[in-house]
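Source file: model_14.cif (mmCIF, C-alpha atoms)
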```
data_coords
loop_
_atom_site.label_atom_id
_atom_site.label_comp_id
_atom_site.auth_asym_id
_atom_site.auth_seq_id
_atom_site.Cartn_x
_atom_site.Cartn_y
_atom_site.Cartn_z
CA MET J 1 0.00 0.00 0.00
CA ILE J 2 1.47 3.33 -1.03
CA LEU J 3 0.69 6.40 1.05
CA ASN J 4 0.18 9.78 -0.60
CA LEU J 5 3.69 11.26 -0.51
CA LYS J 6 2.31 14.77 -0.12
CA LYS J 7 0.52 13.75 3.07
CA VAL J 8 3.60 11.97 4.40
CA PHE J 9 5.67 15.09 3.74
CA LEU J 10 3.07 17.25 5.49
CA PHE J 11 3.10 14.86 8.46
CA LEU J 12 6.89 15.10 8.79
CA THR J 13 6.76 18.88 8.37
CA CYS J 14 4.22 19.12 11.16
CA ILE J 15 6.33 16.95 13.46
CA PHE J 16 9.25 19.37 13.00
CA THR J 17 6.91 22.33 13.45
CA LEU J 18 5.61 20.87 16.69
CA CYS J 19 9.15 20.48 18.02
CA PHE J 20 10.07 24.00 16.93
CA VAL J 21 7.13 25.79 18.51
CA THR J 22 7.48 23.85 21.75
CA VAL J 23 11.11 24.89 22.13
CA TYR J 24 10.35 28.42 20.95
CA ALA J 25 7.58 28.76 23.52
CA GLU J 26 10.05 28.15 26.33
CA THR J 27 12.30 31.03 25.24
CA SER J 28 9.81 33.67 24.05
CA GLU J 29 9.19 36.78 26.14
CA THR J 30 5.81 37.85 27.50
CA SER J 31 6.03 41.55 26.58
CA VAL J 32 4.05 42.79 23.57
CA PRO J 33 6.47 43.55 20.70
CA PRO J 34 6.21 46.87 18.84
CA SER J 35 4.11 47.09 15.68
CA CYS J 36 5.74 47.22 12.25
CA GLY J 37 3.14 49.80 11.29
CA ILE J 38 1.59 47.58 8.62
CA THR J 39 -1.50 49.04 6.94
CA ASP J 40 -4.20 47.42 4.83
CA SER J 41 -2.77 49.36 1.88
CA ASP J 42 0.66 47.78 2.48
CA ILE J 43 -0.90 44.31 2.30
CA SER J 44 -2.92 45.23 -0.81
CA ASN J 45 0.24 46.41 -2.58
CA PHE J 46 2.12 43.30 -1.39
CA ILE J 47 -0.61 41.19 -3.03
CA LYS J 48 -0.92 43.32 -6.16
CA ASN J 49 2.83 43.35 -6.84
CA TYR J 50 3.79 40.00 -5.36
CA LYS J 51 4.94 38.42 -8.63
CA LYS J 52 7.01 41.47 -9.58
CA ILE J 53 8.61 41.60 -6.12
CA ASP J 54 9.30 37.85 -6.26
CA ALA J 55 10.99 38.23 -9.66
CA GLU J 56 13.18 41.06 -8.37
CA LEU J 57 14.19 39.05 -5.32
CA ASP J 58 15.16 36.18 -7.62
CA LYS J 59 17.43 38.54 -9.57
CA LEU J 60 19.06 39.55 -6.28
CA ASN J 61 19.33 35.86 -5.31
CA ILE J 62 17.37 36.49 -2.10
CA GLU J 63 14.80 34.07 -0.67
CA LYS J 64 11.64 35.64 0.77
CA SER J 65 12.20 33.77 4.03
CA ASP J 66 15.67 35.36 4.32
CA VAL J 67 14.34 38.94 4.24
CA ASN J 68 15.09 40.10 7.79
CA THR J 69 16.47 43.42 9.01
CA GLN J 70 18.14 41.70 11.96
CA THR J 71 20.22 39.23 9.96
CA MET J 72 20.81 40.91 6.60
CA ASP J 73 23.69 43.13 5.61
CA PRO J 74 22.70 46.84 6.04
CA GLU J 75 23.48 47.55 2.38
CA ARG J 76 21.09 44.81 1.26
CA VAL J 77 18.44 46.09 3.65
CA GLU J 78 18.75 49.52 2.05
CA ILE J 79 18.37 48.01 -1.44
CA LEU J 80 15.30 46.06 -0.39
CA GLU J 81 13.83 49.07 1.41
CA LYS J 82 13.82 50.99 -1.89
CA LEU J 83 12.55 47.95 -3.78
CA PHE J 84 9.56 47.36 -1.51
CA GLN J 85 8.70 51.05 -1.35
CA LYS J 86 8.77 51.09 -5.16
CA TYR J 87 5.98 48.52 -5.11
CA GLY J 88 3.82 50.34 -2.58
CA ILE J 89 4.93 48.96 0.78
CA THR J 90 5.41 52.23 2.62
CA GLY J 91 8.54 53.15 4.51
CA PRO J 92 10.52 53.60 6.53
CA GLY J 93 10.40 50.00 7.67
CA ALA J 94 9.19 48.48 4.39
CA VAL J 95 11.59 45.55 4.81
CA ALA J 96 10.25 44.75 8.28
CA LYS J 97 6.68 44.96 6.94
CA PHE J 98 7.41 42.59 4.03
CA SER J 99 9.13 40.15 6.38
CA MET J 100 6.23 40.23 8.86
CA ILE J 101 3.54 39.71 6.19
CA ASN J 102 5.47 36.75 4.82
CA LEU J 103 6.14 35.26 8.27
CA VAL J 104 2.57 35.56 9.56
CA TYR J 105 1.07 34.16 6.38
CA ILE J 106 3.39 31.12 6.32
CA THR J 107 2.83 30.50 10.04
CA GLU J 108 -0.95 30.67 9.67
CA TYR J 109 -0.96 28.59 6.48
CA THR J 110 1.05 25.88 8.25
CA ARG J 111 -1.31 26.02 11.20
CA ARG J 112 -4.39 25.68 9.01
CA SER J 113 -2.79 22.92 6.94
CA MET J 114 -2.32 20.91 10.11
CA GLN J 115 -6.09 20.39 10.29
CA SER J 116 -6.20 18.58 6.95
CA THR J 117 -5.67 14.96 8.09
CA ALA J 118 -6.25 12.75 11.14
CA VAL J 119 -2.55 12.75 12.04
CA THR J 120 -2.01 16.46 11.64
CA LYS J 121 -5.24 17.21 13.55
CA PHE J 122 -3.82 15.22 16.44
CA ILE J 123 -0.55 17.15 16.28
CA MET J 124 -2.50 20.40 16.19
CA LYS J 125 -4.38 19.35 19.32
CA LYS J 126 -1.13 18.65 21.15
CA THR J 127 0.29 21.98 20.01
CA GLU J 128 -2.80 23.86 21.16
CA SER J 129 -2.87 22.10 24.53
CA SER J 130 0.72 23.16 25.19
CA GLU J 131 -0.22 26.74 24.24
CA SER J 132 2.78 26.82 21.92
CA TRP J 133 0.91 28.66 19.19
CA GLU J 134 -0.19 31.31 21.64
CA GLU J 135 3.36 31.70 22.87
CA MET J 136 4.63 32.07 19.31
CA LYS J 137 1.90 34.60 18.49
CA ALA J 138 3.05 36.57 21.52
CA SER J 139 6.28 37.31 19.64
CA ILE J 140 4.27 39.23 17.01
CA ASN J 141 2.39 42.46 17.60
CA PRO J 142 -1.34 41.53 17.76
CA ASP J 143 -2.41 44.46 15.56
CA ASP J 144 -0.01 43.35 12.82
CA TYR J 145 -1.01 39.70 13.25
CA ASN J 146 -4.77 40.29 13.14
CA LEU J 147 -4.59 42.63 10.15
CA ILE J 148 -2.51 40.16 8.12
CA ILE J 149 -4.78 37.24 9.08
CA SER J 150 -7.83 39.25 7.97
CA ARG J 151 -6.34 39.20 4.45
CA PHE J 152 -5.45 35.49 4.51
CA SER J 153 -7.66 34.55 1.55
CA ASP J 154 -6.20 37.31 -0.62
CA LEU J 155 -2.65 36.36 0.35
CA ALA J 156 -3.31 32.67 -0.36
CA LYS J 157 -4.44 33.61 -3.86
CA ALA J 158 -1.29 35.69 -4.40
CA PHE J 159 0.93 32.83 -3.19
CA GLY J 160 -0.97 30.34 -5.35
CA ASP J 161 -2.08 28.35 -2.28
CA GLN J 162 -5.39 26.80 -1.36
CA ASP J 163 -7.63 29.07 0.72
CA LEU J 164 -7.85 27.06 3.95
CA PRO J 165 -10.52 27.59 6.63
CA PRO J 166 -9.51 29.13 9.98
CA VAL J 167 -8.45 26.92 12.85
CA LYS J 168 -11.34 26.07 15.17
CA GLU J 169 -10.20 27.46 18.48
CA THR J 170 -10.79 25.26 21.51
CA LYS J 171 -11.24 26.19 25.13
CA LYS J 172 -7.93 26.28 26.90
CA ASP J 173 -7.75 24.08 29.96
CA LYS J 174 -6.07 25.36 33.07
CA LYS J 175 -2.41 24.50 33.19
CA SER J 176 -1.78 21.18 34.87
CA ASP J 177 1.21 19.09 35.88
CA LYS J 178 0.36 16.51 33.20
CA GLU J 179 3.40 15.61 31.11
CA PHE J 180 3.38 16.76 27.51
CA TRP J 181 3.41 13.23 26.00
CA THR J 182 1.72 10.23 27.63
CA ASP J 183 0.96 6.61 26.71
CA GLU J 184 -2.58 7.73 25.87
CA ASP J 185 -1.12 10.19 23.38
CA THR J 186 0.88 7.39 21.74
CA ASP J 187 -2.28 5.27 21.39
CA GLU J 188 -4.19 8.22 19.93
CA LEU J 189 -1.41 8.91 17.43
CA LYS J 190 -1.47 5.24 16.37
CA ASP J 191 -5.23 5.47 15.77
CA ALA J 192 -4.73 8.67 13.78
CA VAL J 193 -2.09 6.98 11.60
CA LYS J 194 -4.43 4.02 11.02
CA GLU J 195 -7.14 6.44 9.94
CA GLU J 196 -4.69 8.14 7.60
CA VAL J 197 -3.65 4.82 6.04
CA LYS J 198 -7.32 3.84 5.65
CA ASP J 199 -8.13 7.12 3.87
CA ALA J 200 -5.06 6.77 1.63
CA ALA J 201 -6.09 3.21 0.75
CA LYS J 202 -9.60 4.37 -0.17
CA GLU J 203 -8.17 7.04 -2.46
CA ALA J 204 -5.81 4.52 -4.06
CA VAL J 205 -8.71 2.11 -4.74
CA LYS J 206 -10.80 4.95 -6.22
CA GLU J 207 -7.99 5.93 -8.57
CA THR J 208 -7.40 2.29 -9.59
CA VAL J 209 -11.08 1.73 -10.30
CA LYS J 210 -11.29 5.00 -12.22
CA ASP J 211 -8.26 4.12 -14.37
CA GLU J 212 -9.59 0.64 -15.04
CA ALA J 213 -13.01 2.03 -16.00
CA LYS J 214 -11.35 4.41 -18.45
CA LYS J 215 -9.42 1.53 -20.03
CA GLN J 216 -12.54 -0.63 -20.38
CA LEU J 217 -14.53 2.27 -21.83
CA LYS J 218 -11.80 3.01 -24.35
CA LYS J 219 -11.58 -0.68 -25.24
CA GLY J 220 -15.38 -0.91 -25.66
CA LEU J 221 -15.54 2.14 -27.90
CA LYS J 222 -12.71 0.80 -30.04
CA ASN J 223 -14.59 -2.47 -30.57
CA LEU J 224 -17.77 -0.63 -31.50
CA LEU J 225 -16.23 1.79 -33.97
CA PRO J 226 -15.44 0.54 -37.52
CA PHE J 227 -12.14 2.44 -37.68
#
```

Just give me the structure as structure tokens.
Amino acid sequence: MILNLKKVFLFLTCIFTLCFVTVYAETSETSVPPSCGITDSDISNFIKNYKKIDAELDKLNIEKSDVNTQTMDPERVEILEKLFQKYGITGPGAVAKFSMINLVYITEYTRRSMQSTAVTKFIMKKTESSESWEEMKASINPDDYNLIISRFSDLAKAFGDQDLPPVKETKKDKKSDKEFWTDEDTDELKDAVKEEVKDAAKEAVKETVKDEAKKQLKKGLKNLLPF
């Protein structure tokens, strides 16, 4: 039985994400970070000119995920500041705005993607129960975060991604002394994997039947036609 490779890749990605946010949560600060000053117009121009900006970044051999004022050479930051302002992301601070829009979108897209299968739903539940997502969100100004999330559908279209539904928030239980991973969690993960394999098997059978039906139909038509 062959599992959908895309789903397997997503599962592994989510495992790494879970580890990352758990560690990150332990080191993040509780103070509210300053806003980047992002406006709805900045996001609209980001969306409108996304392909042009992406092409220019390619020419500069810069990955979108590497755009960061804290880690980039000041000269490159200055070049990018002019580039982003040219495409309507207002400055000063256009680089920080671009970086934040990109970061929040990718974070939220990953979070929403984690609801797509039985396994990733389980991982999402564990992440939510540890409050890791909330801790990570605390590292981003809430005004910036909420504004960017409000344009998620538009950003997904610009990135060429599927427009995923929001995460269904659950009531947060009071913190307890329960360890993060228990035997019950292992059993639940096993059940989730079984469910995933079952779904993958169903899809594989559907595709096989569909392909076979096409072959038989083609064969039947060929026998009926005189040429």

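Between atom CA of Gly93 of chain J and atom CA of Glu63 of chain J the interatomic distance comes to 18.5 Å.
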
* To do: May I ask for the distance between atom CA of Val205 of chain J and atom CA of Val193 of chain J, given in Å to one decimal place?
  => 18.3 Å

Can you pull out the residues contacting Lys52 of chain J? Cut-off 12 Å, using only C-alpha atoms, and skip same-chain residues under 6 positions away; I want them as a PDB file with C-alpha atoms, keeping the file's coordinate frame.
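And here's around09.pdb as it stands now:
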```pdb
ATOM      1  CA  ASN J  45       0.240  46.410  -2.580  1.00  0.00           C
ATOM      2  CA  PHE J  46       2.120  43.300  -1.390  1.00  0.00           C
ATOM      3  CA  ASP J  58      15.160  36.180  -7.620  1.00  0.00           C
ATOM      4  CA  LYS J  59      17.430  38.540  -9.570  1.00  0.00           C
ATOM      5  CA  LEU J  83      12.550  47.950  -3.780  1.00  0.00           C
ATOM      6  CA  PHE J  84       9.560  47.360  -1.510  1.00  0.00           C
ATOM      7  CA  LYS J  86       8.770  51.090  -5.160  1.00  0.00           C
ATOM      8  CA  TYR J  87       5.980  48.520  -5.110  1.00  0.00           C
ATOM      9  CA  GLY J  88       3.820  50.340  -2.580  1.00  0.00           C
ATOM     10  CA  ALA J 158      -1.290  35.690  -4.400  1.00  0.00           C
TER      11      ALA J 158
END
```

* With only C-alpha atoms as the basis for distance, which of J:Ile89, J:Leu189, J:Pro74, J:Ala94 is at the shortest distance from Lys48 of chain J? -> J:Ile89

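Near Thr117 of chain J, within a cut-off of 7 Å and counting only C-alpha atoms, sit the residues J:Thr120, J:Lys121, J:Glu196, with same-chain residues fewer than 3 positions away left out.
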
Would you output that residue set with C-alpha atoms, as a compact mmCIF listing (two decimals), in the frame of the given file?
```txt
# COMPACT_ATOMS: atom_id res chain seq x y z
CA THR J 120 -2.01 16.46 11.64
CA LYS J 121 -5.24 17.21 13.55
CA GLU J 196 -4.69 8.14 7.60
```

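Distance-wise, atom CA of Asp42 of chain J and atom CA of Thr90 of chain J end up 6.5 Å apart.
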
* To do: Please write as a VMD selection string the full residue list that the PyMOL selection byres ((chain J and resi 66) around 12) yields on this file.
  => chain J and resid 57 to 58 60 to 65 67 to 73 76 to 77 80 95 to 96 98 to 100 102 to 103

File of the preceding selection, C-alpha atoms, as a PDB file, in the coordinates of the input:
```pdb
ATOM      1  CA  LEU J  57      14.190  39.050  -5.320  1.00  0.00           C
ATOM      2  CA  ASP J  58      15.160  36.180  -7.620  1.00  0.00           C
ATOM      3  CA  LEU J  60      19.060  39.550  -6.280  1.00  0.00           C
ATOM      4  CA  ASN J  61      19.330  35.860  -5.310  1.00  0.00           C
ATOM      5  CA  ILE J  62      17.370  36.490  -2.100  1.00  0.00           C
ATOM      6  CA  GLU J  63      14.800  34.070  -0.670  1.00  0.00           C
ATOM      7  CA  LYS J  64      11.640  35.640   0.770  1.00  0.00           C
ATOM      8  CA  SER J  65      12.200  33.770   4.030  1.00  0.00           C
ATOM      9  CA  VAL J  67      14.340  38.940   4.240  1.00  0.00           C
ATOM     10  CA  ASN J  68      15.090  40.100   7.790  1.00  0.00           C
ATOM     11  CA  THR J  69      16.470  43.420   9.010  1.00  0.00           C
ATOM     12  CA  GLN J  70      18.140  41.700  11.960  1.00  0.00           C
ATOM     13  CA  THR J  71      20.220  39.230   9.960  1.00  0.00           C
ATOM     14  CA  MET J  72      20.810  40.910   6.600  1.00  0.00           C
ATOM     15  CA  ASP J  73      23.690  43.130   5.610  1.00  0.00           C
ATOM     16  CA  ARG J  76      21.090  44.810   1.260  1.00  0.00           C
ATOM     17  CA  VAL J  77      18.440  46.090   3.650  1.00  0.00           C
ATOM     18  CA  LEU J  80      15.300  46.060  -0.390  1.00  0.00           C
ATOM     19  CA  VAL J  95      11.590  45.550   4.810  1.00  0.00           C
ATOM     20  CA  ALA J  96      10.250  44.750   8.280  1.00  0.00           C
ATOM     21  CA  PHE J  98       7.410  42.590   4.030  1.00  0.00           C
ATOM     22  CA  SER J  99       9.130  40.150   6.380  1.00  0.00           C
ATOM     23  CA  MET J 100       6.230  40.230   8.860  1.00  0.00           C
ATOM     24  CA  ASN J 102       5.470  36.750   4.820  1.00  0.00           C
ATOM     25  CA  LEU J 103       6.140  35.260   8.270  1.00  0.00           C
TER      26      LEU J 103
END
```

* To do: Considering only C-alpha atoms, return as a PyMOL selection string whatever protein or nucleic-acid residues lie within 12 Å of Ser150 of chain J, sequence-local ones (same chain, fewer than 2 positions apart) excluded.
  => chain J and resi 39-40+43-44+101+104-105+108+142-148+152-156+166

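When all atoms listed in the file are used to measure the gap to Pro165 of chain J, the shortest distance among J:Met136, J:Val197, J:Val209, J:Met114 belongs to J:Met114.
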
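The residue that comes closest to Lys168 of chain J, out of J:Thr186, J:Ile47, J:Arg112, J:Glu56 and on the basis of all atoms listed in the file, is J:Arg112.
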
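Distances from J:Glu78, J:Thr110, J:Asp187, J:Pro33 to Leu164 of chain J were compared using all atoms listed in the file, and the smallest one belongs to J:Thr110.
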
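With only C-alpha atoms as the atoms that count, the residue of J:Ile106, J:Gly160, J:Asp191, J:Glu81 with the shortest distance to Phe122 of chain J is J:Asp191.
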
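In terms of minimum interatomic distance to Asp161 of chain J, J:Tyr109 ranks closest within J:Tyr109, J:Ala118, J:Ser35, J:Ile140, counting all atoms listed in the file.
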
Your completed segment 93-104 of chain J with all heavy atoms, as a PDB file, in the coordinates of the input:
```pdb
ATOM      1  N   GLY J  93      10.793  51.282   7.083  1.00  0.00           N
ATOM      2  CA  GLY J  93      10.400  50.000   7.670  1.00  0.00           C
ATOM      3  C   GLY J  93       9.710  49.071   6.695  1.00  0.00           C
ATOM      4  O   GLY J  93       9.065  48.104   7.106  1.00  0.00           O
ATOM      5  N   ALA J  94       9.837  49.328   5.389  1.00  0.00           N
ATOM      6  CA  ALA J  94       9.190  48.480   4.390  1.00  0.00           C
ATOM      7  C   ALA J  94       9.712  47.043   4.436  1.00  0.00           C
ATOM      8  O   ALA J  94       8.956  46.088   4.217  1.00  0.00           O
ATOM      9  CB  ALA J  94       9.397  49.061   2.988  1.00  0.00           C
ATOM     10  N   VAL J  95      10.992  46.886   4.735  1.00  0.00           N
ATOM     11  CA  VAL J  95      11.590  45.550   4.810  1.00  0.00           C
ATOM     12  C   VAL J  95      10.974  44.761   5.957  1.00  0.00           C
ATOM     13  O   VAL J  95      10.612  43.584   5.807  1.00  0.00           O
ATOM     14  CB  VAL J  95      13.123  45.624   4.982  1.00  0.00           C
ATOM     15  CG1 VAL J  95      13.713  44.231   5.182  1.00  0.00           C
ATOM     16  CG2 VAL J  95      13.764  46.285   3.761  1.00  0.00           C
ATOM     17  N   ALA J  96      10.844  45.403   7.110  1.00  0.00           N
ATOM     18  CA  ALA J  96      10.250  44.750   8.280  1.00  0.00           C
ATOM     19  C   ALA J  96       8.796  44.368   8.000  1.00  0.00           C
ATOM     20  O   ALA J  96       8.326  43.295   8.404  1.00  0.00           O
ATOM     21  CB  ALA J  96      10.325  45.668   9.494  1.00  0.00           C
ATOM     22  N   LYS J  97       8.083  45.235   7.278  1.00  0.00           N
ATOM     23  CA  LYS J  97       6.680  44.960   6.940  1.00  0.00           C
ATOM     24  C   LYS J  97       6.578  43.744   6.011  1.00  0.00           C
ATOM     25  O   LYS J  97       5.753  42.851   6.231  1.00  0.00           O
ATOM     26  CB  LYS J  97       6.053  46.182   6.258  1.00  0.00           C
ATOM     27  CG  LYS J  97       5.816  47.359   7.188  1.00  0.00           C
ATOM     28  CD  LYS J  97       5.215  48.524   6.416  1.00  0.00           C
ATOM     29  CE  LYS J  97       4.963  49.726   7.306  1.00  0.00           C
ATOM     30  NZ  LYS J  97       4.349  50.848   6.551  1.00  0.00           N
ATOM     31  N   PHE J  98       7.422  43.714   4.977  1.00  0.00           N
ATOM     32  CA  PHE J  98       7.410  42.590   4.030  1.00  0.00           C
ATOM     33  C   PHE J  98       7.709  41.291   4.773  1.00  0.00           C
ATOM     34  O   PHE J  98       7.030  40.279   4.574  1.00  0.00           O
ATOM     35  CB  PHE J  98       8.459  42.810   2.934  1.00  0.00           C
ATOM     36  CG  PHE J  98       8.535  41.675   1.943  1.00  0.00           C
ATOM     37  CD1 PHE J  98       7.766  41.701   0.795  1.00  0.00           C
ATOM     38  CD2 PHE J  98       9.379  40.591   2.171  1.00  0.00           C
ATOM     39  CE1 PHE J  98       7.826  40.644  -0.117  1.00  0.00           C
ATOM     40  CE2 PHE J  98       9.446  39.544   1.276  1.00  0.00           C
ATOM     41  CZ  PHE J  98       8.660  39.569   0.121  1.00  0.00           C
ATOM     42  N   SER J  99       8.729  41.333   5.622  1.00  0.00           N
ATOM     43  CA  SER J  99       9.130  40.150   6.380  1.00  0.00           C
ATOM     44  C   SER J  99       8.002  39.668   7.280  1.00  0.00           C
ATOM     45  O   SER J  99       7.730  38.460   7.368  1.00  0.00           O
ATOM     46  CB  SER J  99      10.369  40.474   7.222  1.00  0.00           C
ATOM     47  OG  SER J  99      10.740  39.360   8.013  1.00  0.00           O
ATOM     48  N   MET J 100       7.301  40.594   7.932  1.00  0.00           N
ATOM     49  CA  MET J 100       6.230  40.230   8.860  1.00  0.00           C
ATOM     50  C   MET J 100       5.036  39.649   8.112  1.00  0.00           C
ATOM     51  O   MET J 100       4.447  38.655   8.560  1.00  0.00           O
ATOM     52  CB  MET J 100       5.793  41.456   9.663  1.00  0.00           C
ATOM     53  CG  MET J 100       4.756  41.156  10.726  1.00  0.00           C
ATOM     54  SD  MET J 100       5.305  39.909  11.949  1.00  0.00           S
ATOM     55  CE  MET J 100       6.602  40.836  12.801  1.00  0.00           C
ATOM     56  N   ILE J 101       4.658  40.241   6.985  1.00  0.00           N
ATOM     57  CA  ILE J 101       3.540  39.710   6.190  1.00  0.00           C
ATOM     58  C   ILE J 101       3.842  38.289   5.761  1.00  0.00           C
ATOM     59  O   ILE J 101       3.004  37.382   5.875  1.00  0.00           O
ATOM     60  CB  ILE J 101       3.264  40.598   4.956  1.00  0.00           C
ATOM     61  CG1 ILE J 101       2.755  41.978   5.387  1.00  0.00           C
ATOM     62  CG2 ILE J 101       2.233  39.935   4.038  1.00  0.00           C
ATOM     63  CD1 ILE J 101       2.695  43.000   4.259  1.00  0.00           C
ATOM     64  N   ASN J 102       5.048  38.071   5.275  1.00  0.00           N
ATOM     65  CA  ASN J 102       5.470  36.750   4.820  1.00  0.00           C
ATOM     66  C   ASN J 102       5.477  35.742   5.963  1.00  0.00           C
ATOM     67  O   ASN J 102       4.961  34.625   5.835  1.00  0.00           O
ATOM     68  CB  ASN J 102       6.865  36.852   4.188  1.00  0.00           C
ATOM     69  CG  ASN J 102       7.260  35.609   3.430  1.00  0.00           C
ATOM     70  OD1 ASN J 102       6.595  35.191   2.496  1.00  0.00           O
ATOM     71  ND2 ASN J 102       8.358  35.003   3.834  1.00  0.00           N
ATOM     72  N   LEU J 103       6.034  36.145   7.110  1.00  0.00           N
ATOM     73  CA  LEU J 103       6.140  35.260   8.270  1.00  0.00           C
ATOM     74  C   LEU J 103       4.776  34.857   8.803  1.00  0.00           C
ATOM     75  O   LEU J 103       4.509  33.676   9.047  1.00  0.00           O
ATOM     76  CB  LEU J 103       6.941  35.959   9.377  1.00  0.00           C
ATOM     77  CG  LEU J 103       6.958  35.263  10.747  1.00  0.00           C
ATOM     78  CD1 LEU J 103       7.689  33.938  10.657  1.00  0.00           C
ATOM     79  CD2 LEU J 103       7.594  36.149  11.799  1.00  0.00           C
ATOM     80  N   VAL J 104       3.900  35.840   9.001  1.00  0.00           N
ATOM     81  CA  VAL J 104       2.570  35.560   9.560  1.00  0.00           C
ATOM     82  C   VAL J 104       1.766  34.680   8.620  1.00  0.00           C
ATOM     83  O   VAL J 104       1.105  33.729   9.053  1.00  0.00           O
ATOM     84  CB  VAL J 104       1.812  36.863   9.871  1.00  0.00           C
ATOM     85  CG1 VAL J 104       0.361  36.564  10.244  1.00  0.00           C
ATOM     86  CG2 VAL J 104       2.493  37.617  11.010  1.00  0.00           C
TER      87      VAL J 104
END
```
